[in-house]
>>> print(open('start-v6.cif').read())   # mmCIF, C-alpha atoms
data_run
#
loop_
_atom_site.label_atom_id
_atom_site.label_comp_id
_atom_site.auth_asym_id
_atom_site.auth_seq_id
_atom_site.Cartn_x
_atom_site.Cartn_y
_atom_site.Cartn_z
CA MET A 20 -199.15 51.69 -134.19
CA ASP A 21 -195.42 52.04 -133.54
CA ILE A 22 -192.91 50.44 -135.92
CA VAL A 23 -190.29 49.10 -133.53
CA VAL A 24 -186.78 47.70 -134.06
CA PRO A 25 -187.31 43.97 -133.40
CA GLU A 26 -185.09 41.62 -131.47
CA LEU A 27 -182.11 41.06 -133.74
CA GLY A 28 -180.66 37.87 -132.29
CA GLU A 29 -177.67 36.84 -130.27
CA SER A 30 -175.25 39.68 -129.43
CA VAL A 31 -176.90 42.05 -131.94
CA VAL A 32 -178.38 45.11 -130.23
CA GLU A 33 -177.98 47.83 -132.87
CA ALA A 34 -178.89 48.31 -136.52
CA THR A 35 -178.79 50.96 -139.24
CA VAL A 36 -181.82 52.17 -141.18
CA ALA A 37 -180.85 51.09 -144.68
CA ARG A 38 -183.94 52.20 -146.63
CA TRP A 39 -187.51 53.26 -146.04
CA LEU A 40 -189.76 51.38 -148.42
CA LYS A 41 -192.64 53.76 -147.76
CA LYS A 42 -192.86 57.54 -147.51
CA GLU A 43 -194.81 59.55 -144.98
CA GLY A 44 -198.45 59.72 -146.03
CA GLU A 45 -198.35 56.52 -148.07
CA PRO A 46 -200.79 53.68 -147.35
CA VAL A 47 -199.45 50.48 -145.80
CA ARG A 48 -201.03 47.05 -145.71
CA ALA A 49 -200.70 44.53 -142.91
CA GLY A 50 -197.70 42.28 -143.50
CA GLU A 51 -196.13 44.67 -145.99
CA ALA A 52 -192.43 45.53 -145.52
CA VAL A 53 -192.04 49.16 -144.47
CA VAL A 54 -188.33 49.60 -143.73
CA GLU A 55 -185.08 47.72 -144.28
CA LEU A 56 -182.57 47.43 -141.44
CA GLU A 57 -178.90 46.55 -141.78
CA THR A 58 -177.06 44.81 -138.94
CA ASP A 59 -173.46 43.69 -138.71
CA LYS A 60 -174.61 40.16 -139.59
CA VAL A 61 -177.72 40.22 -141.79
CA ASP A 62 -180.17 42.59 -143.46
CA LEU A 63 -183.83 42.32 -142.56
CA GLU A 64 -187.17 43.93 -143.32
CA VAL A 65 -189.63 45.23 -140.72
CA SER A 66 -193.27 44.77 -141.71
CA ALA A 67 -196.46 46.46 -140.61
CA THR A 68 -198.68 44.44 -138.30
CA GLN A 69 -201.83 46.26 -139.43
CA SER A 70 -203.04 48.38 -142.32
CA GLY A 71 -203.08 52.15 -142.26
CA VAL A 72 -201.06 55.17 -143.32
CA LEU A 73 -197.43 55.86 -142.47
CA THR A 74 -197.77 59.15 -140.66
CA GLN A 75 -194.32 59.66 -139.17
CA ILE A 76 -190.72 58.56 -139.83
CA LEU A 77 -188.64 59.10 -136.68
CA HIS A 78 -185.28 57.81 -137.92
CA PRO A 79 -184.10 58.58 -141.47
CA GLU A 80 -181.99 56.36 -143.69
CA GLY A 81 -178.46 55.98 -142.35
CA ALA A 82 -179.46 56.47 -138.71
CA ASP A 83 -178.26 53.99 -136.09
CA VAL A 84 -181.03 52.53 -133.93
CA GLN A 85 -181.27 50.23 -130.93
CA VAL A 86 -183.48 47.22 -130.32
CA GLY A 87 -186.88 48.44 -129.09
CA GLN A 88 -186.59 51.95 -130.53
CA VAL A 89 -189.56 53.35 -132.44
CA LEU A 90 -188.72 53.79 -136.13
CA GLY A 91 -192.01 55.34 -137.24
CA ARG A 92 -195.75 55.35 -136.69
CA ILE A 93 -198.76 54.08 -138.63
CA GLU A 94 -202.21 55.59 -138.21
CA PRO A 95 -204.66 52.66 -138.41
CA SER A 96 -207.64 54.90 -139.19
CA GLY A 97 -206.33 55.50 -142.69
CA GLU A 98 -207.20 52.14 -144.26
CA PRO A 99 -205.72 52.12 -147.80
CA ALA A 100 -208.26 51.74 -150.55
CA PRO A 101 -207.97 48.69 -152.81
CA GLU A 102 -206.31 49.29 -156.17
CA GLN A 103 -208.71 49.81 -159.07
CA PRO A 104 -207.88 49.04 -162.71
CA SER A 105 -207.70 51.97 -165.08
CA PRO A 106 -210.96 52.61 -167.02
CA ALA A 107 -211.07 51.49 -170.61
CA GLY A 108 -209.37 53.94 -172.92
CA ALA A 109 -208.12 56.13 -170.07
CA GLU A 110 -204.55 57.26 -170.30
CA ALA A 111 -202.46 56.43 -167.27
CA PRO A 112 -200.79 59.38 -165.56
CA ALA A 113 -197.10 59.82 -166.31
CA GLN A 114 -195.60 58.73 -163.03
CA ALA A 115 -193.21 56.07 -161.76
CA PRO A 116 -194.83 52.77 -160.81
CA SER A 117 -195.34 52.19 -157.11
CA ARG A 118 -193.19 49.74 -155.12
CA GLU A 119 -196.07 47.29 -154.85
CA THR A 120 -196.96 47.08 -158.53
CA ALA A 121 -195.19 47.05 -161.85
CA PRO A 122 -196.51 47.47 -165.39
CA ALA A 123 -197.65 44.32 -167.09
CA ALA A 124 -194.92 44.79 -169.69
CA ALA A 125 -192.30 43.98 -167.07
CA PRO A 126 -190.23 40.82 -167.64
CA SER A 127 -192.88 38.72 -165.96
CA GLY A 128 -194.66 38.61 -169.32
CA PRO A 129 -197.43 40.43 -171.20
CA ALA A 130 -200.73 41.19 -169.52
CA GLN A 131 -203.46 38.62 -169.98
CA GLY A 132 -206.95 39.68 -170.92
CA ASN A 133 -209.07 41.20 -173.68
CA ALA A 134 -208.08 44.33 -175.53
CA GLY A 135 -209.63 47.52 -174.19
CA GLN A 136 -209.53 46.37 -170.56
CA GLY A 137 -207.39 48.11 -167.95
CA ALA A 138 -203.74 47.11 -167.89
CA ALA A 139 -203.13 44.24 -165.51
CA LYS A 140 -200.52 44.73 -162.80
CA VAL A 141 -198.11 42.27 -161.27
CA GLU A 142 -196.40 42.30 -157.91
CA ARG A 143 -192.89 43.65 -157.99
CA PRO A 144 -190.24 41.32 -156.58
CA ARG A 145 -188.41 42.33 -153.44
CA VAL A 146 -184.82 43.55 -153.78
CA THR A 147 -181.77 42.96 -151.61
CA PRO A 148 -180.03 46.14 -150.39
CA VAL A 149 -176.88 45.26 -152.35
CA ALA A 150 -178.83 44.79 -155.58
CA ARG A 151 -180.75 48.01 -155.00
CA ARG A 152 -177.56 50.04 -154.51
CA MET A 153 -175.97 48.44 -157.56
CA ALA A 154 -179.03 49.18 -159.71
CA GLU A 155 -179.11 52.80 -158.54
CA GLN A 156 -175.40 53.23 -159.31
CA GLN A 157 -175.92 51.81 -162.81
CA GLY A 158 -179.10 53.76 -163.41
CA ILE A 159 -181.18 50.61 -163.91
CA ASN A 160 -184.94 50.50 -163.44
CA LEU A 161 -185.55 47.56 -161.10
CA GLU A 162 -188.90 46.94 -162.78
CA GLN A 163 -186.99 45.66 -165.83
CA ILE A 164 -185.11 42.95 -163.94
CA SER A 165 -186.51 39.47 -163.53
CA THR A 166 -185.25 37.01 -160.94
CA ALA A 167 -183.79 33.61 -161.70
CA ARG A 168 -186.05 32.27 -158.96
CA PRO A 169 -189.67 33.42 -159.36
CA GLY A 170 -191.05 34.95 -156.18
CA GLU A 171 -187.63 35.56 -154.59
CA ARG A 172 -185.80 38.84 -154.14
CA VAL A 173 -183.78 40.47 -156.91
CA THR A 174 -180.13 39.84 -156.06
CA ARG A 175 -176.78 41.21 -157.16
CA GLN A 176 -176.45 38.26 -159.57
CA ASP A 177 -179.76 39.22 -161.21
CA VAL A 178 -178.52 42.78 -161.77
CA GLU A 179 -175.20 41.53 -163.15
CA ARG A 180 -176.99 39.14 -165.49
CA PHE A 181 -179.19 41.99 -166.71
CA LEU A 182 -176.10 44.07 -167.49
CA GLN A 183 -174.39 41.17 -169.27
CA GLN A 184 -177.40 40.71 -171.55
CA GLY A 185 -176.50 43.86 -173.41
CA GLN A 186 -178.26 46.48 -171.33
CA PRO A 187 -175.63 49.22 -171.06
CA ALA A 188 -175.43 51.54 -168.13
CA PRO A 189 -176.46 55.12 -168.95
CA GLN A 190 -173.67 57.24 -170.33
CA PRO A 191 -172.75 60.50 -168.59
CA GLN A 192 -174.21 63.59 -170.22
CA VAL A 193 -171.89 65.68 -172.35
CA VAL A 194 -172.49 69.39 -171.87
CA GLU A 195 -171.68 71.45 -174.95
CA GLN A 196 -169.48 74.38 -174.02
CA ALA A 197 -169.71 77.81 -175.61
CA ARG A 198 -167.43 78.31 -178.60
CA PRO A 199 -164.67 80.88 -178.09
CA ALA A 200 -164.85 84.18 -179.93
CA ALA A 201 -162.68 84.76 -182.97
CA GLY A 202 -159.02 85.20 -182.02
CA GLU A 203 -159.61 83.97 -178.50
CA ARG A 204 -157.68 80.91 -177.32
CA PRO A 205 -160.03 78.27 -175.95
CA ALA A 206 -159.49 77.15 -172.37
CA PRO A 207 -158.11 73.62 -172.02
CA ALA A 208 -160.88 71.07 -171.63
CA LEU A 209 -161.02 69.30 -168.30
CA PRO A 210 -162.01 65.62 -168.19
CA ALA A 211 -165.54 65.03 -167.01
CA ALA A 212 -165.73 64.11 -163.33
CA PRO A 213 -167.53 60.89 -162.46
CA PRO A 214 -170.74 61.18 -160.46
CA GLY A 215 -170.49 60.80 -156.70
CA THR A 216 -172.54 58.48 -154.56
CA ASP A 217 -175.00 61.30 -153.83
CA GLY A 218 -175.49 62.01 -157.53
CA GLN A 219 -173.26 65.10 -157.50
CA ALA A 220 -170.13 65.40 -159.60
CA VAL A 221 -166.84 64.65 -157.91
CA THR A 222 -164.37 67.47 -158.51
CA GLY A 223 -160.72 68.11 -157.75
CA ARG A 224 -158.65 64.93 -157.72
CA ARG A 225 -161.63 62.64 -158.23
CA GLU A 226 -162.39 61.31 -154.80
CA ILE A 227 -165.61 59.50 -154.02
CA ARG A 228 -166.80 59.51 -150.45
CA GLU A 229 -169.19 56.79 -149.36
CA ARG A 230 -170.55 55.83 -145.97
CA MET A 231 -169.32 52.54 -144.54
CA SER A 232 -172.05 49.96 -144.15
CA ARG A 233 -172.81 48.73 -140.66
CA ARG A 234 -171.31 45.34 -141.51
CA ARG A 235 -168.10 46.93 -142.78
CA ARG A 236 -167.86 49.11 -139.67
CA THR A 237 -168.36 46.08 -137.44
CA ILE A 238 -165.79 44.05 -139.38
CA ALA A 239 -163.29 46.88 -139.00
CA ALA A 240 -163.95 47.22 -135.27
CA ARG A 241 -163.71 43.47 -134.64
CA LEU A 242 -160.48 43.11 -136.59
CA VAL A 243 -158.86 45.89 -134.59
CA GLU A 244 -160.28 44.41 -131.39
CA ALA A 245 -158.83 41.00 -132.26
CA GLN A 246 -155.37 42.47 -132.73
CA GLN A 247 -155.55 44.60 -129.59
CA THR A 248 -157.01 42.03 -127.18
CA ALA A 249 -155.36 38.77 -128.26
CA ALA A 250 -151.72 37.75 -128.32
CA MET A 251 -152.05 36.61 -131.92
CA LEU A 252 -149.36 34.57 -133.65
CA THR A 253 -149.36 32.54 -136.88
CA THR A 254 -147.59 29.28 -137.68
CA PHE A 255 -147.30 27.75 -141.15
CA ASN A 256 -146.97 24.36 -142.79
CA ASP A 257 -147.58 22.87 -146.20
CA VAL A 258 -149.61 19.83 -147.10
CA ASP A 259 -149.44 17.37 -149.97
CA MET A 260 -152.92 17.23 -151.54
CA THR A 261 -152.20 14.15 -153.70
CA ALA A 262 -154.27 11.66 -151.69
CA VAL A 263 -157.31 13.92 -151.33
CA MET A 264 -157.28 14.87 -154.99
CA GLU A 265 -157.01 11.21 -155.98
CA ILE A 266 -160.04 10.32 -153.82
CA ARG A 267 -162.00 13.17 -155.37
CA ARG A 268 -161.01 12.02 -158.87
CA ARG A 269 -162.14 8.45 -158.22
CA ARG A 270 -165.28 9.23 -156.24
CA LYS A 271 -166.56 12.50 -157.70
CA ASP A 272 -169.08 10.98 -160.14
CA SER A 273 -170.52 8.37 -157.77
CA PHE A 274 -170.59 10.88 -154.89
CA GLN A 275 -172.50 13.47 -156.91
CA GLU A 276 -174.86 10.84 -158.32
CA LYS A 277 -175.69 9.56 -154.83
CA TYR A 278 -175.83 12.81 -152.86
CA GLY A 279 -176.52 15.44 -155.52
CA VAL A 280 -173.51 17.57 -154.56
CA LYS A 281 -169.85 17.66 -155.55
CA LEU A 282 -167.17 16.25 -153.27
CA GLY A 283 -165.14 19.33 -152.44
CA LEU A 284 -162.00 20.01 -150.45
CA MET A 285 -163.67 21.74 -147.53
CA SER A 286 -165.31 18.62 -146.11
CA PHE A 287 -161.89 16.96 -145.80
CA PHE A 288 -160.47 19.97 -143.95
CA VAL A 289 -163.52 20.24 -141.67
CA LYS A 290 -163.05 16.59 -140.68
CA ALA A 291 -159.27 17.03 -140.29
CA VAL A 292 -159.72 20.15 -138.13
CA ILE A 293 -162.17 18.35 -135.85
CA GLY A 294 -159.69 15.50 -135.43
CA ALA A 295 -156.94 17.98 -134.54
CA LEU A 296 -159.24 19.88 -132.14
CA LYS A 297 -159.98 16.65 -130.28
CA ALA A 298 -156.22 16.07 -129.93
CA PHE A 299 -155.53 19.70 -128.89
CA PRO A 300 -158.68 20.97 -127.15
CA ARG A 301 -157.29 24.41 -126.23
CA LEU A 302 -157.73 25.42 -129.88
CA ASN A 303 -161.48 24.82 -129.34
CA ALA A 304 -161.74 27.08 -126.31
CA GLU A 305 -162.27 30.70 -125.35
CA ILE A 306 -161.26 33.02 -122.52
CA GLN A 307 -163.95 34.32 -120.17
CA GLY A 308 -162.41 36.57 -117.54
CA ASP A 309 -159.83 34.49 -115.67
CA GLU A 310 -161.24 31.18 -116.91
CA ILE A 311 -160.60 29.03 -119.95
CA VAL A 312 -163.79 27.47 -121.35
CA LEU A 313 -162.96 24.21 -123.14
CA LYS A 314 -165.80 23.38 -125.53
CA GLN A 315 -166.64 19.75 -126.20
CA TYR A 316 -168.76 20.49 -129.23
CA TYR A 317 -167.48 21.47 -132.64
CA ASP A 318 -169.23 24.36 -134.38
CA ILE A 319 -166.98 25.11 -137.33
CA GLY A 320 -167.29 28.53 -139.00
CA ILE A 321 -166.74 28.68 -142.76
CA ALA A 322 -165.68 32.13 -143.99
CA VAL A 323 -167.57 33.23 -147.12
CA GLY A 324 -166.80 36.38 -149.08
CA ALA A 325 -169.86 38.59 -149.58
CA GLU A 326 -170.52 41.91 -151.34
CA GLU A 327 -170.82 43.72 -148.01
CA GLY A 328 -167.84 41.95 -146.42
CA LEU A 329 -166.81 38.58 -145.05
CA VAL A 330 -169.41 36.53 -143.19
CA VAL A 331 -168.86 33.31 -141.24
CA PRO A 332 -171.86 30.94 -141.24
CA VAL A 333 -171.46 28.02 -138.85
CA LEU A 334 -171.67 24.25 -139.25
CA HIS A 335 -173.23 23.35 -135.90
CA ASP A 336 -172.13 19.99 -134.44
CA ALA A 337 -169.95 19.41 -137.49
CA ASP A 338 -168.43 16.31 -135.88
CA ARG A 339 -171.80 14.59 -136.37
CA MET A 340 -172.06 15.52 -140.05
CA SER A 341 -171.11 13.31 -142.97
CA PHE A 342 -169.00 14.50 -145.90
CA ALA A 343 -172.16 14.94 -147.98
CA GLU A 344 -173.94 16.88 -145.23
CA ILE A 345 -170.96 19.23 -144.88
CA GLU A 346 -170.79 19.88 -148.63
CA LYS A 347 -174.55 20.47 -148.85
CA ALA A 348 -174.51 22.85 -145.88
CA ILE A 349 -171.63 24.89 -147.28
CA LEU A 350 -173.28 25.11 -150.71
CA ASN A 351 -176.53 26.21 -149.07
CA TYR A 352 -174.69 28.94 -147.13
CA ILE A 353 -173.00 30.20 -150.30
CA ASP A 354 -176.41 30.48 -152.00
CA LYS A 355 -177.81 32.33 -148.99
CA VAL A 356 -174.88 34.77 -149.01
CA ARG A 357 -175.42 35.48 -152.71
CA ASN A 358 -179.16 35.95 -152.25
CA GLY A 359 -178.86 37.96 -149.04
CA THR A 360 -180.98 35.47 -147.10
CA LEU A 361 -178.60 34.44 -144.29
CA SER A 362 -180.34 34.30 -140.92
CA LEU A 363 -178.90 35.15 -137.53
CA GLU A 364 -179.15 31.48 -136.61
CA ASP A 365 -176.83 30.65 -139.51
CA LEU A 366 -174.17 32.91 -137.97
CA ARG A 367 -174.69 32.02 -134.31
CA GLY A 368 -171.82 30.63 -132.26
CA GLY A 369 -168.73 29.07 -133.74
CA THR A 370 -165.79 27.50 -131.89
CA PHE A 371 -163.18 27.48 -134.68
CA THR A 372 -163.03 29.02 -138.17
CA ILE A 373 -161.69 27.91 -141.54
CA THR A 374 -161.05 30.48 -144.27
CA ASN A 375 -160.00 29.62 -147.81
CA GLY A 376 -158.13 32.41 -149.56
CA GLY A 377 -157.09 29.95 -152.23
CA VAL A 378 -160.36 30.45 -154.08
CA PHE A 379 -159.18 34.00 -154.79
CA GLY A 380 -155.65 32.90 -155.72
CA SER A 381 -153.88 33.59 -152.43
CA LEU A 382 -150.58 31.73 -152.02
CA LEU A 383 -149.97 32.62 -148.35
CA SER A 384 -151.63 34.82 -145.73
CA THR A 385 -151.98 35.32 -141.97
CA PRO A 386 -155.68 35.08 -141.05
CA ILE A 387 -157.00 37.20 -138.19
CA LEU A 388 -158.83 35.58 -135.27
CA ASN A 389 -162.61 35.67 -135.07
CA PRO A 390 -163.16 36.59 -131.36
CA PRO A 391 -163.86 35.00 -128.95
CA GLN A 392 -162.37 32.03 -130.83
CA VAL A 393 -158.69 31.35 -130.27
CA GLY A 394 -157.87 29.62 -133.55
CA ILE A 395 -158.42 30.04 -137.29
CA LEU A 396 -157.05 27.94 -140.13
CA GLY A 397 -156.20 29.63 -143.43
CA LEU A 398 -156.14 27.58 -146.64
CA HIS A 399 -154.52 28.70 -149.87
CA ARG A 400 -154.26 27.82 -153.52
CA ILE A 401 -152.97 24.42 -154.63
CA GLU A 402 -150.02 24.49 -157.01
CA ASP A 403 -147.61 21.90 -158.36
CA ARG A 404 -144.23 22.25 -156.67
CA PRO A 405 -141.07 20.13 -156.55
CA VAL A 406 -140.70 18.30 -153.23
CA VAL A 407 -138.28 15.64 -151.96
CA ILE A 408 -139.87 12.26 -151.17
CA ASN A 409 -137.67 9.25 -150.37
CA LYS A 410 -134.65 11.26 -151.51
CA GLU A 411 -136.17 11.90 -154.91
CA ILE A 412 -137.45 15.15 -156.34
CA VAL A 413 -141.06 14.78 -157.46
CA ILE A 414 -143.83 17.18 -158.48
CA ARG A 415 -146.78 17.22 -156.09
CA PRO A 416 -149.89 19.41 -155.64
CA MET A 417 -148.97 21.39 -152.53
CA MET A 418 -150.88 23.87 -150.37
CA TYR A 419 -149.64 26.22 -147.68
CA MET A 420 -151.69 26.27 -144.47
CA ALA A 421 -151.63 29.02 -141.84
CA LEU A 422 -152.86 28.70 -138.26
CA SER A 423 -153.38 31.92 -136.31
CA TYR A 424 -153.89 31.38 -132.59
CA ASP A 425 -154.20 33.24 -129.30
CA HIS A 426 -150.90 32.78 -127.50
CA ARG A 427 -152.55 33.62 -124.16
CA ILE A 428 -153.88 30.08 -123.85
CA VAL A 429 -152.31 28.23 -126.80
CA ASP A 430 -148.58 27.56 -126.64
CA GLY A 431 -146.44 27.49 -129.75
CA ARG A 432 -145.85 23.78 -129.33
CA GLU A 433 -149.59 23.06 -129.31
CA ALA A 434 -150.16 25.24 -132.37
CA VAL A 435 -147.41 23.57 -134.37
CA GLN A 436 -148.58 20.09 -133.38
CA PHE A 437 -152.17 21.00 -134.23
CA LEU A 438 -151.15 22.04 -137.73
CA VAL A 439 -149.01 18.91 -138.13
CA LYS A 440 -152.04 16.83 -137.12
CA VAL A 441 -154.17 18.49 -139.80
CA LYS A 442 -151.40 17.83 -142.31
CA GLU A 443 -151.22 14.13 -141.35
CA LEU A 444 -154.98 13.65 -141.63
CA ILE A 445 -155.15 15.32 -145.04
CA GLU A 446 -152.17 13.43 -146.43
CA ASP A 447 -153.60 10.12 -145.15
CA PRO A 448 -157.39 10.58 -145.48
CA GLU A 449 -158.10 6.98 -144.41
CA THR A 450 -157.15 8.11 -140.90
CA LEU A 451 -160.19 10.39 -140.94
CA LEU A 452 -162.34 7.25 -141.00
CA LEU A 453 -160.23 5.16 -138.64
CA GLU A 454 -160.06 7.91 -135.99
CA GLY A 455 -163.66 9.03 -136.46
#
>>> encode(input="start-v6.cif", output="structure tokens")
Amino acid sequence: MDIVVPELGESVVEATVARWLKKEGEPVRAGEAVVELETDKVDLEVSATQSGVLTQILHPEGADVQVGQVLGRIEPSGEPAPEQPSPAGAEAPAQAPSRETAPAAAPSGPAQGNAGQGAAKVERPRVTPVARRMAEQQGINLEQISTARPGERVTRQDVERFLQQGQPAPQPQVVEQARPAAGERPAPALPAAPPGTDGQAVTGRREIRERMSRRRRTIAARLVEAQQTAAMLTTFNDVDMTAVMEIRRRRKDSFQEKYGVKLGLMSFFVKAVIGALKAFPRLNAEIQGDEIVLKQYYDIGIAVGAEEGLVVPVLHDADRMSFAEIEKAILNYIDKVRNGTLSLEDLRGGTFTITNGGVFGSLLSTPILNPPQVGILGLHRIEDRPVVINKEIVIRPMMYMALSYDHRIVDGREAVQFLVKVKELIEDPETLLLEG
């Protein structure tokens, strides 16, 4: 049986072999994950469709592969034998536990059963590629880490929590040097070099070389492409957040009690952006050859920072979503990003993007377009600033907004008016209801 690169979804035709979960000659069961693939959007596991033995690996870890390519082969004649418990009193061989099983003393709890019986074994939780790399860098045995969600994969947060609970990372070995002979001046001691990503010491001026992930390579290529293929400009404005913050203050408790989610800022901006896109439809378009495609649906991308790089899950038909539905969807996407469970469907499409650098403390920035979209709105941190209102200086919570746009089809006048429209809708949130 051939292990084949599966269909990876819209516009994804290539992947990188992130990790083989089985070695050549090892038994494989039907439905068991054999290899992890990394795409520019999501990571996924490829499972065996029948039991047997992995006889051949055709593409090693780090290799780039195309949809339909054969990754390896399984010989079905080698049906793996069922696991047998150790005989009473027998001493287990000194070897690392397999990927499928972990000792009963793992965090799942002590083994159940009478004394003298073979040690019970529990299934080892799956691990996200990010968590696996982090554990390897810290020298942590993944068998010792329990998940916050039983049955789900070990995530980066699980590894971080394990480290914070007082489990120190292994210290580098100190090699004792020979003592100099009498009367001989000892050579000056050089500081120990940190280990490299391949386990070897880094010498010289302490450089560490690591291979870019497929997602990082794709992000880099798309950012350069966006700057080279679009006539990208950015316009700025600031917005008074007083009205929105007052609504959140008054409604936060009742909103959370009714819908089970906090009333955040992003739902207001999603609604305001949709209102502005309806007024200035060229910001909700794309260029296809010599044609401008004006889209009459509103799939709003929400940029989320991830360990492997920025991802942009999409709120499909966001104009039909309520404030609560928007907040729940965004919270769900954030959880999926943290757990490494985003699907290709979550990332499909998108007609306009919102990115919030304010959560990281950014005061002002120029966001880069997410092709083929022609507009992206950048939000920033809210800070109290003196402003003049009715000829009086008052202190208000202010935020800078940045709109980057493709000048090939969006004129400066449209871009400025679009941003002014967003400002008006945020500063007078009742308009969001009156104008739908």
>>> resolve_selection(input="start-v6.cif", expression="the PyMOL selection byres ((chain A and resi 396) around 7)", output="PyMOL selection string")
chain A and resi 372-374+394-395+397-398+421-423
>>> resolve_selection(input="start-v6.cif", expression="the PyMOL selection byres ((chain A and resi 176) around 10)", output="list in words")
Ala150, Thr166, Ala167, Val173, Thr174, Arg175, Asp177, Val178, Glu179, Arg180, Phe181, Leu182, Arg357 and Asn358 of chain A
>>> closest_atom_pairs(input="start-v6.cif", of="segment 222-327 of chain A", to="segment 73-93 of chain A", cutoff="9 Å", atoms="all atoms listed in the file", output="Markdown table")
| residue | atom | partner | partner_atom | distance |
| --- | --- | --- | --- | --- |
| A:Arg230 | CA | A:Gly81 | CA | 8.7 |
| A:Ser232 | CA | A:Gly81 | CA | 9.0 |
| A:Arg233 | CA | A:Asp83 | CA | 8.8 |
>>> atom_distance(input="start-v6.cif", atom1="atom CA of Arg415 of chain A", atom2="atom CA of Asp403 of chain A")
5.3 Å
>>> atom_distance(input="start-v6.cif", atom1="atom CA of Val72 of chain A", atom2="atom CA of Val146 of chain A")
22.5 Å
>>> resolve_selection(input="start-v6.cif", expression="the PyMOL selection byres ((chain A and resi 147) around 12)", output="number ranges by chain")
A: 37-38, 55-57, 61-64, 144-146, 148-154, 161, 166, 171-178, 326-327, 355-361
>>> write_last_selection(input="start-v6.cif", atoms="C-alpha atoms", output="PDB file, keeping the file's coordinate frame")
ATOM      1  CA  ALA A  37    -180.850  51.090-144.680  1.00  0.00           C
ATOM      2  CA  ARG A  38    -183.940  52.200-146.630  1.00  0.00           C
ATOM      3  CA  GLU A  55    -185.080  47.720-144.280  1.00  0.00           C
ATOM      4  CA  LEU A  56    -182.570  47.430-141.440  1.00  0.00           C
ATOM      5  CA  GLU A  57    -178.900  46.550-141.780  1.00  0.00           C
ATOM      6  CA  VAL A  61    -177.720  40.220-141.790  1.00  0.00           C
ATOM      7  CA  ASP A  62    -180.170  42.590-143.460  1.00  0.00           C
ATOM      8  CA  LEU A  63    -183.830  42.320-142.560  1.00  0.00           C
ATOM      9  CA  GLU A  64    -187.170  43.930-143.320  1.00  0.00           C
ATOM     10  CA  PRO A 144    -190.240  41.320-156.580  1.00  0.00           C
ATOM     11  CA  ARG A 145    -188.410  42.330-153.440  1.00  0.00           C
ATOM     12  CA  VAL A 146    -184.820  43.550-153.780  1.00  0.00           C
ATOM     13  CA  PRO A 148    -180.030  46.140-150.390  1.00  0.00           C
ATOM     14  CA  VAL A 149    -176.880  45.260-152.350  1.00  0.00           C
ATOM     15  CA  ALA A 150    -178.830  44.790-155.580  1.00  0.00           C
ATOM     16  CA  ARG A 151    -180.750  48.010-155.000  1.00  0.00           C
ATOM     17  CA  ARG A 152    -177.560  50.040-154.510  1.00  0.00           C
ATOM     18  CA  MET A 153    -175.970  48.440-157.560  1.00  0.00           C
ATOM     19  CA  ALA A 154    -179.030  49.180-159.710  1.00  0.00           C
ATOM     20  CA  LEU A 161    -185.550  47.560-161.100  1.00  0.00           C
ATOM     21  CA  THR A 166    -185.250  37.010-160.940  1.00  0.00           C
ATOM     22  CA  GLU A 171    -187.630  35.560-154.590  1.00  0.00           C
ATOM     23  CA  ARG A 172    -185.800  38.840-154.140  1.00  0.00           C
ATOM     24  CA  VAL A 173    -183.780  40.470-156.910  1.00  0.00           C
ATOM     25  CA  THR A 174    -180.130  39.840-156.060  1.00  0.00           C
ATOM     26  CA  ARG A 175    -176.780  41.210-157.160  1.00  0.00           C
ATOM     27  CA  GLN A 176    -176.450  38.260-159.570  1.00  0.00           C
ATOM     28  CA  ASP A 177    -179.760  39.220-161.210  1.00  0.00           C
ATOM     29  CA  VAL A 178    -178.520  42.780-161.770  1.00  0.00           C
ATOM     30  CA  GLU A 326    -170.520  41.910-151.340  1.00  0.00           C
ATOM     31  CA  GLU A 327    -170.820  43.720-148.010  1.00  0.00           C
ATOM     32  CA  LYS A 355    -177.810  32.330-148.990  1.00  0.00           C
ATOM     33  CA  VAL A 356    -174.880  34.770-149.010  1.00  0.00           C
ATOM     34  CA  ARG A 357    -175.420  35.480-152.710  1.00  0.00           C
ATOM     35  CA  ASN A 358    -179.160  35.950-152.250  1.00  0.00           C
ATOM     36  CA  GLY A 359    -178.860  37.960-149.040  1.00  0.00           C
ATOM     37  CA  THR A 360    -180.980  35.470-147.100  1.00  0.00           C
ATOM     38  CA  LEU A 361    -178.600  34.440-144.290  1.00  0.00           C
TER      39      LEU A 361
END
>>> atom_distance(input="start-v6.cif", atom1="atom CA of Glu94 of chain A", atom2="atom CA of Val24 of chain A")
17.8 Å
>>> residues_near_point(input="start-v6.cif", point="(-170.9, 14.8, -134.3)", cutoff="12 Å", atoms="only C-alpha atoms", output="ChimeraX atom specification")
/A:289-290,293-294,297,315-319,334-342,344-345,455
>>> write_last_selection(input="start-v6.cif", atoms="C-alpha atoms", output="compact mmCIF listing (two decimals), keeping the file's coordinate frame")
# COMPACT_ATOMS: atom_id res chain seq x y z
CA VAL A 289 -163.52 20.24 -141.67
CA LYS A 290 -163.05 16.59 -140.68
CA ILE A 293 -162.17 18.35 -135.85
CA GLY A 294 -159.69 15.50 -135.43
CA LYS A 297 -159.98 16.65 -130.28
CA GLN A 315 -166.64 19.75 -126.20
CA TYR A 316 -168.76 20.49 -129.23
CA TYR A 317 -167.48 21.47 -132.64
CA ASP A 318 -169.23 24.36 -134.38
CA ILE A 319 -166.98 25.11 -137.33
CA LEU A 334 -171.67 24.25 -139.25
CA HIS A 335 -173.23 23.35 -135.90
CA ASP A 336 -172.13 19.99 -134.44
CA ALA A 337 -169.95 19.41 -137.49
CA ASP A 338 -168.43 16.31 -135.88
CA ARG A 339 -171.80 14.59 -136.37
CA MET A 340 -172.06 15.52 -140.05
CA SER A 341 -171.11 13.31 -142.97
CA PHE A 342 -169.00 14.50 -145.90
CA GLU A 344 -173.94 16.88 -145.23
CA ILE A 345 -170.96 19.23 -144.88
CA GLY A 455 -163.66 9.03 -136.46
